[in-house]
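Comments concern the structure below.
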Amino acid sequence: DGSGLRCKDYRRLIDHGVDGITLGDHLYKKREIIEVLESADNIIRPANLPAQAPGKSLMVLPIGDELTLAVTCVLGRVFMKPVDCPFQAIDRILAELAQSHPHNRLRMVEFHAEATSDKQLMGRHVDGRVSGMVGTHTHVATADEQILPGGTGFQCDLGMTGPFESILGRKIDAVLEATLHGVPLPFQVATEDVRLCGTWLDLDKQSG
């Protein structure tokens with residue numbers, strides 16, 4: 001999310017132990033990332049973008065003991081730019097996964113969406129078919145973490161990784177001035193009180 005991932009950001013994250021990266025609605029803002037999207041197996045773009053969009057929409061990561069973690073992501077449509085149906089895209093990806101990796105049980109879905117209702121619906125849609133479904137995009141961690149009836153772990157939004165003393169990662173003064181006066185201003189990235197938000201899921205490797 002944010003202003004787009006750069007190649008050096010990708011390499012830095014991977015070098016520091018990140019296993020896989022999902023991207024949101026700003027994924028192509030730095031066009032240099034397209035080369036990485038087309039060549040790397042540990043970074044994906046949303047599955048409900050057009051088929052011609054650069055990048056892969058599924059990654060299957062080895063996690064030891066001959067196990068793999070399959071990860072996909074989709075974009076929401078409520079209050080966001082038009083994209084294909086995220087629910088149909090997830091169904092397609094899960095069907096493809098069953099064919100390509102029939103023994104895979106550990107599966108994660110990341111839903112990059114604005115509306116919590118959209119995310120809750122997706123959680124129910126995939127419940128029992130994936131290990132976990134987590135939402136992103138609104139930059140505020142939600143307190144609705146739960147295990148759905150079918151066994152899928154769920155949380156509407158993981159929150160923001162970045163400067164907490166900010167407006168969605170940007171310096172507050174410029175955003176406030178532009179909002180009050182209606183005159184566009186460049187928004188600089190904030191640097192104060194940097195935090196790492198997220199969630200922790202323990203997955204049963206037998207049942208998924």
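Residues in the structure tokens are numbered from 1 in each chain, the chains being A, B, ... in the order shown, and ligands are numbered from 1 in the order shown.
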Among region 25-127 of chain A, which ones does DSSP place in helix (DSSP H, G or I), written as a PyMOL selection string? chain A and resi 33-39+86-100+116-126
Please provide the set of residues having any atom within 8 Å of Thr142 (chain A), restricted to only C-alpha atoms, with same-chain residues fewer than 6 positions apart removed, written as an mmCIF file with C-alpha atoms, in the first residue's frame.
```
data_model
loop_
_atom_site.group_PDB
_atom_site.id
_atom_site.type_symbol
_atom_site.label_atom_id
_atom_site.label_comp_id
_atom_site.auth_asym_id
_atom_site.auth_seq_id
_atom_site.Cartn_x
_atom_site.Cartn_y
_atom_site.Cartn_z
ATOM 1 C CA GLN A 155 -9.165 -10.090 11.216
ATOM 2 C CA CYS A 156 -10.627 -7.129 9.312
ATOM 3 C CA ASP A 157 -7.417 -5.103 9.206
ATOM 4 C CA LEU A 158 -3.836 -5.732 10.292
ATOM 5 C CA GLY A 159 -3.106 -2.031 10.749
#
```
| field | Contacts of Leu168 (chain A) at 10 Å (only C-alpha atoms; same-chain gap of 4+ positions) as an MDAnalysis selection string | value | chainID A and resid 2 137:140 160:164 172 175 189:190
Return the single residue from A:Leu185, A:Val126, A:Ala98, A:Ile63 that is closest to Lys171 (chain A), with distances computed using only C-alpha atoms.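 For Lys171 (chain A), the nearest of the candidates is A:Leu185.
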Query raised in the report: Closest to Asp84 (chain A) among A:Pro46, A:Gly123, A:Gly169, A:Gly4, using only C-alpha atoms?
Result: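 Smallest distance to Asp84 (chain A) is found for A:Pro46.
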_I'd like to know which of A:His112, A:His125, A:His101, A:Arg31 is closest to Cys73 (chain A), using only C-alpha atoms._
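Looking at the shortest contact to Cys73 (chain A), the residue is A:His112.
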Sorted by chain and rising residue number, which residues of region 54-127 of chain A lie within 12 Å of region 11-28 of chain A, and what are their closest atom pairs and distances in Å to one decimal, counting only C-alpha atoms, as a tab-separated table?
```
residue	atom	partner	partner_atom	distance
A:Pro54	CA	A:Tyr28	CA	9.1
A:Gly55	CA	A:Leu27	CA	10.2
A:Lys56	CA	A:Thr22	CA	10.2
A:Ser57	CA	A:Thr22	CA	8.9
A:Leu58	CA	A:Thr22	CA	9.4
A:Met59	CA	A:Gly20	CA	7.8
A:Val60	CA	A:Gly20	CA	9.2
A:Leu61	CA	A:Asp19	CA	7.5
A:Pro62	CA	A:Asp19	CA	9.2
A:Ile63	CA	A:Asp19	CA	9.0
A:Thr68	CA	A:Asp19	CA	11.6
A:Leu69	CA	A:Gly20	CA	9.9
A:Ala70	CA	A:Gly20	CA	10.1
A:Val71	CA	A:Thr22	CA	8.3
A:Thr72	CA	A:Thr22	CA	7.6
A:Cys73	CA	A:Thr22	CA	6.6
A:Val74	CA	A:Gly24	CA	8.0
A:Leu75	CA	A:Gly24	CA	6.9
A:Gly76	CA	A:Asp25	CA	9.3
A:Arg77	CA	A:Asp25	CA	10.8
A:Met80	CA	A:Asp25	CA	8.7
A:Lys81	CA	A:Asp25	CA	8.4
A:Pro82	CA	A:Asp25	CA	10.7
A:Val83	CA	A:Asp25	CA	10.2
A:Met108	CA	A:Thr22	CA	10.9
A:Val109	CA	A:Thr22	CA	9.8
A:Glu110	CA	A:Thr22	CA	7.6
A:Phe111	CA	A:Gly24	CA	8.7
A:His112	CA	A:Gly24	CA	5.9
A:Ala113	CA	A:Gly24	CA	8.7
A:Glu114	CA	A:Asp25	CA	10.8
```
Query raised in the report: Residues at most 10 Å from Ala53 (chain A), counting only C-alpha atoms, excluding those fewer than 5 positions away in the same chain, as a ChimeraX atom specification?
Result: /A:28,34,38,45-48
Any chance you could list, as number ranges by chain, the residues in region 5-134 of chain A that come up strand (DSSP E) when DSSP is run on the backbone?
A: 21-22, 43-44, 58-64, 67-75, 106-112, 132-134
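For the choices A:Phe87, A:Tyr10, A:Trp200, A:Phe79, the atom-to-atom distance to Gly153 (chain A) is smallest for A:Trp200 when using only C-alpha atoms.
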Residue with the minimum atom-to-atom distance to Asp127 (chain A), picked from A:Leu37, A:Ile147, A:Ser207, A:Gln99 with only C-alpha atoms counted, is A:Ile147
